[in-house]
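query_39.cif follows; it contains mmCIF, N, CA and C atoms.
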data_coords
loop_
_atom_site.label_atom_id
_atom_site.label_comp_id
_atom_site.auth_asym_id
_atom_site.auth_seq_id
_atom_site.Cartn_x
_atom_site.Cartn_y
_atom_site.Cartn_z
N MET A 1 -77.93 30.42 -143.60
CA MET A 1 -77.46 31.78 -143.43
C MET A 1 -76.20 31.79 -142.59
N SER A 2 -75.32 32.63 -142.95
CA SER A 2 -74.08 32.74 -142.18
C SER A 2 -74.33 33.53 -140.89
N ARG A 3 -73.42 33.40 -139.94
CA ARG A 3 -73.57 34.08 -138.64
C ARG A 3 -73.58 35.59 -138.80
N GLN A 4 -72.84 36.14 -139.75
CA GLN A 4 -72.75 37.58 -139.93
C GLN A 4 -74.06 38.16 -140.47
N ALA A 5 -74.84 37.42 -141.16
CA ALA A 5 -76.06 37.95 -141.76
C ALA A 5 -77.22 37.98 -140.77
N ARG A 6 -77.10 37.38 -139.60
CA ARG A 6 -78.21 37.29 -138.66
C ARG A 6 -78.41 38.56 -137.82
N GLY A 7 -77.45 39.41 -137.65
CA GLY A 7 -77.62 40.63 -136.86
C GLY A 7 -76.82 40.59 -135.58
N PHE A 8 -77.28 41.38 -134.60
CA PHE A 8 -76.57 41.52 -133.33
C PHE A 8 -77.12 40.53 -132.31
N THR A 9 -76.29 40.15 -131.39
CA THR A 9 -76.74 39.28 -130.29
C THR A 9 -77.35 40.14 -129.20
N LEU A 10 -78.10 39.52 -128.36
CA LEU A 10 -78.73 40.22 -127.25
C LEU A 10 -77.68 40.85 -126.33
N LEU A 11 -76.60 40.17 -126.11
CA LEU A 11 -75.52 40.69 -125.27
C LEU A 11 -74.92 41.96 -125.87
N GLU A 12 -74.70 41.97 -127.17
CA GLU A 12 -74.15 43.17 -127.82
C GLU A 12 -75.11 44.35 -127.69
N LEU A 13 -76.41 44.11 -127.85
CA LEU A 13 -77.39 45.19 -127.70
C LEU A 13 -77.44 45.71 -126.26
N LEU A 14 -77.34 44.84 -125.28
CA LEU A 14 -77.35 45.27 -123.89
C LEU A 14 -76.12 46.10 -123.54
N VAL A 15 -74.98 45.73 -124.08
CA VAL A 15 -73.75 46.50 -123.84
C VAL A 15 -73.90 47.90 -124.43
N VAL A 16 -74.43 48.00 -125.64
CA VAL A 16 -74.62 49.31 -126.27
C VAL A 16 -75.62 50.15 -125.46
N LEU A 17 -76.72 49.56 -125.01
CA LEU A 17 -77.70 50.29 -124.21
C LEU A 17 -77.10 50.75 -122.88
N ALA A 18 -76.26 49.93 -122.26
CA ALA A 18 -75.61 50.33 -121.01
C ALA A 18 -74.67 51.51 -121.23
N ILE A 19 -73.94 51.50 -122.32
CA ILE A 19 -73.03 52.62 -122.63
C ILE A 19 -73.82 53.89 -122.88
N VAL A 20 -74.90 53.81 -123.64
CA VAL A 20 -75.74 54.98 -123.91
C VAL A 20 -76.35 55.49 -122.60
N GLY A 21 -76.80 54.59 -121.74
CA GLY A 21 -77.36 54.99 -120.45
C GLY A 21 -76.36 55.72 -119.58
N LEU A 22 -75.14 55.22 -119.53
CA LEU A 22 -74.09 55.90 -118.75
C LEU A 22 -73.77 57.27 -119.32
N ALA A 23 -73.73 57.37 -120.63
CA ALA A 23 -73.45 58.67 -121.27
C ALA A 23 -74.55 59.67 -120.97
N LEU A 24 -75.80 59.26 -121.05
CA LEU A 24 -76.91 60.15 -120.75
C LEU A 24 -76.92 60.55 -119.28
N GLY A 25 -76.61 59.62 -118.40
CA GLY A 25 -76.54 59.94 -116.98
C GLY A 25 -75.46 60.95 -116.67
N GLY A 26 -74.30 60.77 -117.28
CA GLY A 26 -73.21 61.74 -117.09
C GLY A 26 -73.55 63.10 -117.64
N ALA A 27 -74.22 63.14 -118.79
CA ALA A 27 -74.60 64.43 -119.39
C ALA A 27 -75.63 65.15 -118.52
N SER A 28 -76.59 64.42 -117.97
CA SER A 28 -77.61 65.06 -117.14
C SER A 28 -77.00 65.61 -115.85
N LEU A 29 -76.03 64.92 -115.28
CA LEU A 29 -75.35 65.43 -114.08
C LEU A 29 -74.52 66.66 -114.40
N ALA A 30 -73.91 66.68 -115.56
CA ALA A 30 -73.08 67.82 -115.95
C ALA A 30 -73.93 69.06 -116.21
N LEU A 31 -75.15 68.88 -116.66
CA LEU A 31 -76.01 70.01 -116.99
C LEU A 31 -76.84 70.51 -115.82
N ARG A 32 -76.84 69.80 -114.72
CA ARG A 32 -77.61 70.20 -113.55
C ARG A 32 -77.05 71.48 -112.96
N ASP A 33 -77.93 72.37 -112.49
CA ASP A 33 -77.52 73.64 -111.91
C ASP A 33 -77.19 73.44 -110.44
N SER A 34 -75.99 73.79 -110.05
CA SER A 34 -75.60 73.64 -108.65
C SER A 34 -75.93 74.92 -107.88
N GLY A 35 -75.90 74.80 -106.57
CA GLY A 35 -76.17 75.96 -105.73
C GLY A 35 -75.15 77.06 -105.93
N ALA A 36 -73.92 76.69 -106.13
CA ALA A 36 -72.87 77.69 -106.34
C ALA A 36 -73.13 78.47 -107.62
N ALA A 37 -73.55 77.78 -108.68
CA ALA A 37 -73.82 78.45 -109.95
C ALA A 37 -75.01 79.39 -109.82
N LEU A 38 -76.06 78.95 -109.12
CA LEU A 38 -77.24 79.78 -108.93
C LEU A 38 -76.88 81.04 -108.15
N LEU A 39 -76.16 80.89 -107.05
CA LEU A 39 -75.79 82.05 -106.24
C LEU A 39 -74.83 82.97 -106.98
N THR A 40 -73.94 82.40 -107.77
CA THR A 40 -73.03 83.24 -108.57
C THR A 40 -73.82 84.08 -109.56
N ARG A 41 -74.79 83.47 -110.21
CA ARG A 41 -75.63 84.21 -111.16
C ARG A 41 -76.41 85.32 -110.44
N GLU A 42 -76.96 85.00 -109.26
CA GLU A 42 -77.68 86.00 -108.47
C GLU A 42 -76.75 87.15 -108.07
N GLY A 43 -75.54 86.80 -107.64
CA GLY A 43 -74.58 87.83 -107.22
C GLY A 43 -74.14 88.72 -108.36
N GLU A 44 -73.87 88.14 -109.51
CA GLU A 44 -73.47 88.95 -110.67
C GLU A 44 -74.60 89.88 -111.10
N ARG A 45 -75.82 89.36 -111.07
CA ARG A 45 -76.98 90.19 -111.44
C ARG A 45 -77.15 91.32 -110.44
N LEU A 46 -77.04 91.01 -109.14
CA LEU A 46 -77.19 92.04 -108.12
C LEU A 46 -76.11 93.11 -108.27
N ALA A 47 -74.87 92.71 -108.53
CA ALA A 47 -73.80 93.70 -108.72
C ALA A 47 -74.12 94.64 -109.88
N ALA A 48 -74.63 94.09 -110.98
CA ALA A 48 -74.99 94.92 -112.13
C ALA A 48 -76.16 95.85 -111.79
N LEU A 49 -77.15 95.36 -111.05
CA LEU A 49 -78.28 96.20 -110.66
C LEU A 49 -77.86 97.30 -109.70
N LEU A 50 -76.97 96.99 -108.77
CA LEU A 50 -76.49 98.01 -107.84
C LEU A 50 -75.71 99.10 -108.58
N GLU A 51 -74.92 98.70 -109.56
CA GLU A 51 -74.20 99.70 -110.35
C GLU A 51 -75.15 100.55 -111.19
N ALA A 52 -76.21 99.93 -111.70
CA ALA A 52 -77.21 100.70 -112.46
C ALA A 52 -77.92 101.69 -111.55
N GLY A 53 -78.27 101.25 -110.34
CA GLY A 53 -78.89 102.15 -109.38
C GLY A 53 -77.95 103.27 -108.96
N ARG A 54 -76.70 102.94 -108.81
CA ARG A 54 -75.69 103.93 -108.45
C ARG A 54 -75.53 104.97 -109.55
N ALA A 55 -75.53 104.53 -110.80
CA ALA A 55 -75.41 105.45 -111.94
C ALA A 55 -76.65 106.34 -112.05
N GLN A 56 -77.83 105.78 -111.83
CA GLN A 56 -79.05 106.59 -111.89
C GLN A 56 -79.09 107.60 -110.76
N SER A 57 -78.57 107.23 -109.60
CA SER A 57 -78.51 108.15 -108.47
C SER A 57 -77.59 109.32 -108.77
N ARG A 58 -76.44 109.02 -109.33
CA ARG A 58 -75.50 110.10 -109.67
C ARG A 58 -76.06 111.01 -110.76
N ALA A 59 -76.71 110.42 -111.76
CA ALA A 59 -77.24 111.21 -112.88
C ALA A 59 -78.39 112.11 -112.43
N SER A 60 -79.23 111.63 -111.52
CA SER A 60 -80.39 112.41 -111.10
C SER A 60 -80.12 113.27 -109.87
N GLY A 61 -79.07 112.93 -109.12
CA GLY A 61 -78.77 113.67 -107.90
C GLY A 61 -79.66 113.27 -106.73
N VAL A 62 -80.41 112.19 -106.88
CA VAL A 62 -81.34 111.73 -105.84
C VAL A 62 -80.68 110.59 -105.05
N PRO A 63 -80.73 110.66 -103.72
CA PRO A 63 -80.18 109.55 -102.94
C PRO A 63 -80.96 108.26 -103.22
N VAL A 64 -80.24 107.18 -103.42
CA VAL A 64 -80.86 105.88 -103.68
C VAL A 64 -80.34 104.89 -102.66
N ARG A 65 -81.28 104.12 -102.12
CA ARG A 65 -80.95 103.10 -101.13
C ARG A 65 -81.50 101.77 -101.62
N TRP A 66 -80.66 100.72 -101.58
CA TRP A 66 -81.10 99.36 -101.92
C TRP A 66 -81.44 98.68 -100.62
N GLN A 67 -82.62 98.05 -100.58
CA GLN A 67 -83.09 97.41 -99.37
C GLN A 67 -83.62 96.02 -99.70
N ALA A 68 -83.12 95.00 -98.99
CA ALA A 68 -83.64 93.64 -99.15
C ALA A 68 -84.88 93.50 -98.29
N ASP A 69 -85.86 92.72 -98.79
CA ASP A 69 -87.06 92.42 -98.01
C ASP A 69 -87.46 90.97 -98.24
N ALA A 70 -88.57 90.56 -97.65
CA ALA A 70 -89.00 89.15 -97.73
C ALA A 70 -89.35 88.73 -99.15
N GLN A 71 -89.85 89.64 -99.97
CA GLN A 71 -90.24 89.30 -101.34
C GLN A 71 -89.09 89.41 -102.33
N GLY A 72 -88.05 90.10 -101.98
CA GLY A 72 -86.92 90.32 -102.89
C GLY A 72 -86.09 91.49 -102.43
N PHE A 73 -86.21 92.61 -103.14
CA PHE A 73 -85.48 93.82 -102.78
C PHE A 73 -86.14 95.00 -103.48
N ARG A 74 -85.72 96.21 -103.10
CA ARG A 74 -86.26 97.42 -103.74
C ARG A 74 -85.19 98.50 -103.76
N PHE A 75 -85.36 99.41 -104.68
CA PHE A 75 -84.48 100.57 -104.80
C PHE A 75 -85.28 101.79 -104.38
N GLU A 76 -85.06 102.27 -103.17
CA GLU A 76 -85.77 103.45 -102.67
C GLU A 76 -85.12 104.70 -103.26
N GLY A 77 -85.93 105.58 -103.81
CA GLY A 77 -85.43 106.80 -104.43
C GLY A 77 -85.53 106.76 -105.95
N LEU A 78 -85.76 105.59 -106.51
CA LEU A 78 -85.93 105.44 -107.96
C LEU A 78 -87.39 105.13 -108.26
N PRO A 79 -87.85 105.44 -109.46
CA PRO A 79 -89.21 105.04 -109.83
C PRO A 79 -89.38 103.52 -109.70
N ARG A 80 -90.58 103.09 -109.36
CA ARG A 80 -90.84 101.68 -109.05
C ARG A 80 -90.43 100.73 -110.17
N GLU A 81 -90.61 101.10 -111.41
CA GLU A 81 -90.30 100.21 -112.54
C GLU A 81 -88.89 100.41 -113.10
N ALA A 82 -88.08 101.24 -112.45
CA ALA A 82 -86.75 101.55 -112.98
C ALA A 82 -85.84 100.32 -113.04
N LEU A 83 -85.87 99.49 -112.01
CA LEU A 83 -85.02 98.31 -111.92
C LEU A 83 -85.82 97.14 -111.36
N PRO A 84 -85.41 95.90 -111.65
CA PRO A 84 -86.11 94.74 -111.09
C PRO A 84 -86.10 94.73 -109.57
N THR A 85 -87.10 94.05 -109.00
CA THR A 85 -87.22 94.01 -107.54
C THR A 85 -87.36 92.58 -107.02
N HIS A 86 -86.89 91.60 -107.78
CA HIS A 86 -87.03 90.21 -107.35
C HIS A 86 -85.75 89.44 -107.69
N TRP A 87 -85.54 88.36 -106.96
CA TRP A 87 -84.41 87.47 -107.22
C TRP A 87 -84.76 86.56 -108.38
N LEU A 88 -83.78 85.98 -109.02
CA LEU A 88 -84.02 84.97 -110.05
C LEU A 88 -84.66 83.74 -109.44
N ASP A 89 -84.25 83.37 -108.24
CA ASP A 89 -84.85 82.26 -107.50
C ASP A 89 -85.49 82.86 -106.25
N ALA A 90 -86.76 82.60 -106.04
CA ALA A 90 -87.51 83.22 -104.95
C ALA A 90 -86.97 82.90 -103.56
N GLN A 91 -86.18 81.85 -103.41
CA GLN A 91 -85.66 81.47 -102.09
C GLN A 91 -84.33 82.13 -101.75
N THR A 92 -83.75 82.88 -102.65
CA THR A 92 -82.49 83.58 -102.38
C THR A 92 -82.72 84.60 -101.27
N ARG A 93 -81.80 84.68 -100.34
CA ARG A 93 -81.92 85.58 -99.20
C ARG A 93 -80.61 86.30 -98.94
N VAL A 94 -80.72 87.42 -98.21
CA VAL A 94 -79.55 88.16 -97.75
C VAL A 94 -79.25 87.68 -96.34
N GLN A 95 -77.98 87.38 -96.09
CA GLN A 95 -77.56 86.91 -94.77
C GLN A 95 -76.84 88.02 -94.04
N GLY A 96 -77.09 88.12 -92.76
CA GLY A 96 -76.37 89.08 -91.94
C GLY A 96 -77.12 90.38 -91.77
N PRO A 97 -76.52 91.29 -91.01
CA PRO A 97 -77.21 92.54 -90.67
C PRO A 97 -77.26 93.56 -91.81
N GLN A 98 -76.36 93.48 -92.76
CA GLN A 98 -76.27 94.48 -93.82
C GLN A 98 -77.29 94.15 -94.92
N ALA A 99 -78.53 94.61 -94.73
CA ALA A 99 -79.57 94.37 -95.74
C ALA A 99 -79.96 95.65 -96.44
N ALA A 100 -79.19 96.72 -96.26
CA ALA A 100 -79.45 97.99 -96.94
C ALA A 100 -78.12 98.59 -97.38
N LEU A 101 -78.10 99.13 -98.58
CA LEU A 101 -76.90 99.76 -99.14
C LEU A 101 -77.25 101.14 -99.68
N TRP A 102 -76.39 102.12 -99.39
CA TRP A 102 -76.57 103.46 -99.95
C TRP A 102 -75.79 103.54 -101.24
N LEU A 103 -76.44 103.98 -102.32
CA LEU A 103 -75.81 103.97 -103.64
C LEU A 103 -75.45 105.35 -104.16
N GLY A 104 -75.77 106.39 -103.48
CA GLY A 104 -75.37 107.70 -103.97
C GLY A 104 -76.30 108.78 -103.49
N PRO A 105 -76.16 109.95 -104.05
CA PRO A 105 -75.63 110.38 -105.34
C PRO A 105 -74.15 110.75 -105.34
N GLU A 106 -73.50 110.68 -104.18
CA GLU A 106 -72.08 111.03 -104.14
C GLU A 106 -71.27 110.02 -104.97
N PRO A 107 -70.24 110.48 -105.64
CA PRO A 107 -69.42 109.55 -106.43
C PRO A 107 -68.64 108.56 -105.57
N LEU A 108 -68.31 108.97 -104.34
CA LEU A 108 -67.63 108.06 -103.41
C LEU A 108 -68.60 107.68 -102.31
N ILE A 109 -68.77 106.39 -102.13
CA ILE A 109 -69.62 105.89 -101.05
C ILE A 109 -68.75 105.03 -100.13
N GLY A 110 -69.20 104.77 -98.96
CA GLY A 110 -68.43 103.96 -98.03
C GLY A 110 -68.36 102.51 -98.47
N PRO A 111 -67.41 101.76 -97.91
CA PRO A 111 -67.35 100.33 -98.21
C PRO A 111 -68.65 99.65 -97.78
N GLN A 112 -69.18 98.82 -98.66
CA GLN A 112 -70.45 98.15 -98.40
C GLN A 112 -70.42 96.75 -98.97
N ALA A 113 -71.16 95.85 -98.36
CA ALA A 113 -71.21 94.48 -98.84
C ALA A 113 -72.52 93.84 -98.44
N VAL A 114 -72.92 92.85 -99.20
CA VAL A 114 -74.10 92.06 -98.89
C VAL A 114 -73.78 90.61 -99.25
N GLN A 115 -74.22 89.68 -98.41
CA GLN A 115 -73.94 88.27 -98.63
C GLN A 115 -75.25 87.55 -98.96
N LEU A 116 -75.23 86.78 -100.06
CA LEU A 116 -76.42 86.06 -100.52
C LEU A 116 -76.29 84.58 -100.18
N VAL A 117 -77.40 83.99 -99.73
CA VAL A 117 -77.45 82.57 -99.41
C VAL A 117 -78.74 81.99 -99.99
N HIS A 118 -78.78 80.66 -100.03
CA HIS A 118 -79.96 79.94 -100.50
C HIS A 118 -80.19 78.77 -99.55
N PRO A 119 -81.42 78.58 -99.05
CA PRO A 119 -81.64 77.51 -98.07
C PRO A 119 -81.39 76.10 -98.61
N ALA A 120 -81.51 75.91 -99.91
CA ALA A 120 -81.27 74.58 -100.48
C ALA A 120 -79.78 74.22 -100.49
N TRP A 121 -78.90 75.21 -100.41
CA TRP A 121 -77.45 74.98 -100.42
C TRP A 121 -76.82 75.74 -99.26
N PRO A 122 -76.95 75.23 -98.04
CA PRO A 122 -76.47 75.96 -96.86
C PRO A 122 -74.96 76.18 -96.82
N GLY A 123 -74.19 75.39 -97.54
CA GLY A 123 -72.74 75.56 -97.51
C GLY A 123 -72.22 76.60 -98.49
N HIS A 124 -73.09 77.13 -99.33
CA HIS A 124 -72.66 78.08 -100.36
C HIS A 124 -73.18 79.48 -100.05
N SER A 125 -72.37 80.48 -100.36
CA SER A 125 -72.79 81.88 -100.27
C SER A 125 -71.90 82.70 -101.19
N VAL A 126 -72.40 83.85 -101.60
CA VAL A 126 -71.60 84.79 -102.38
C VAL A 126 -71.71 86.16 -101.74
N ARG A 127 -70.70 86.94 -101.94
CA ARG A 127 -70.65 88.28 -101.36
C ARG A 127 -70.49 89.29 -102.49
N VAL A 128 -71.35 90.29 -102.49
CA VAL A 128 -71.30 91.39 -103.45
C VAL A 128 -70.84 92.61 -102.67
N ALA A 129 -69.73 93.23 -103.10
CA ALA A 129 -69.15 94.29 -102.29
C ALA A 129 -68.48 95.36 -103.14
N THR A 130 -68.27 96.51 -102.51
CA THR A 130 -67.49 97.60 -103.08
C THR A 130 -66.68 98.23 -101.96
N ASP A 131 -65.56 98.82 -102.34
CA ASP A 131 -64.78 99.56 -101.35
C ASP A 131 -65.20 101.03 -101.30
N GLY A 132 -66.20 101.39 -102.11
CA GLY A 132 -66.71 102.75 -102.15
C GLY A 132 -66.26 103.51 -103.38
N LEU A 133 -65.15 103.11 -103.96
CA LEU A 133 -64.63 103.75 -105.16
C LEU A 133 -64.86 102.87 -106.38
N ARG A 134 -64.53 101.61 -106.25
CA ARG A 134 -64.70 100.66 -107.36
C ARG A 134 -66.15 100.22 -107.46
N PRO A 135 -66.54 99.64 -108.60
CA PRO A 135 -67.92 99.14 -108.74
C PRO A 135 -68.18 97.94 -107.84
N PHE A 136 -69.46 97.68 -107.62
CA PHE A 136 -69.85 96.47 -106.90
C PHE A 136 -69.42 95.27 -107.72
N ALA A 137 -68.90 94.26 -107.05
CA ALA A 137 -68.44 93.05 -107.74
C ALA A 137 -68.58 91.87 -106.80
N LEU A 138 -68.54 90.70 -107.41
CA LEU A 138 -68.61 89.46 -106.67
C LEU A 138 -67.26 89.20 -106.00
N GLU A 139 -67.29 88.82 -104.74
CA GLU A 139 -66.08 88.47 -104.00
C GLU A 139 -66.24 87.08 -103.43
N ALA A 140 -65.15 86.46 -103.11
CA ALA A 140 -65.19 85.17 -102.43
C ALA A 140 -65.74 85.39 -101.03
N ALA A 141 -66.73 84.62 -100.65
CA ALA A 141 -67.34 84.78 -99.33
C ALA A 141 -66.35 84.34 -98.25
N PRO A 142 -66.29 85.07 -97.14
CA PRO A 142 -65.35 84.69 -96.06
C PRO A 142 -65.77 83.43 -95.37
#
Kindly return the structure encoded in the file as structure tokens.
Amino acid sequence: MSRQARGFTLLELLVVLAIVGLALGGASLALRDSGAALLTREGERLAALLEAGRAQSRASGVPVRWQADAQGFRFEGLPREALPTHWLDAQTRVQGPQAALWLGPEPLIGPQAVQLVHPAWPGHSVRVATDGLRPFALEAAP
């Protein structure tokens, strides 16, 4: 039998397996969720929920207050099932003294902000804020 008809050598197979292993390792690292991505997702969701609460407050004329607590958060003034009351990740927390926001019913509210942190990523935080006229949005944390 000629050398070409015998197949691959052990060295060639090991090189291919090493390349596949490196590719899979790189892909798994690229797909891993970082703390910044988790907090960004939490902040974007919170901004949308705050705007929904603000809109419901204006439509109903009832004052609505958002309050963070140990289990998550709540919207005081709205029916209990109107909006979600939990974080996407149970360890997400509000940092600092501003753990309550007034959402209306006035169309103009004062400047307000809340900063979100996660104990697994102490170097990362996101800030959800409004100047009172514009909608709540994600800002770069100071």
>> Restricting the calculation to only N, CA and C atoms: of A:Gly53, A:Ala70, A:Arg58, A:Leu46, which residue gets closest to Leu83 of chain A?
In response: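 Once distances to Leu83 of chain A are computed over only N, CA and C atoms, the minimum belongs to A:Gly53.
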> Restricting the calculation to only C-alpha atoms, which member of A:Glu51, A:Thr85, A:Pro97, A:Phe8 is positioned closest to Arg134 of chain A?
Replying inline: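 Using only C-alpha atoms, Arg134 of chain A sits closest to A:Glu51.
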> So which bits of segment 6-113 of chain A end up strand (DSSP E) when you DSSP the backbone, as a PyMOL selection string?
Replying inline: chain A and resi 64-68+73-76+93-95+100-104+112-113
> Leu108 of chain A: which residues within 10 Å, counting only C-alpha atoms, same-chain residues fewer than 6 positions away excluded, as JSON, numbers by chain?
Replying inline: {"A": [131, 132, 133, 134]}
>> Rounded to one decimal, what separation in Å do you get between atom N of Leu49 of chain A and atom N of Phe136 of chain A?
In response: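 About the pair atom N of Leu49 of chain A and atom N of Phe136 of chain A: they are 8.7 Å apart.
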>> From the options A:Leu103, A:Ala30, A:Leu39, A:Leu17, which residue's atoms come nearest to Ala55 of chain A, counting only C-alpha atoms?
In response: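 Using only C-alpha atoms, Ala55 of chain A sits closest to A:Leu103.
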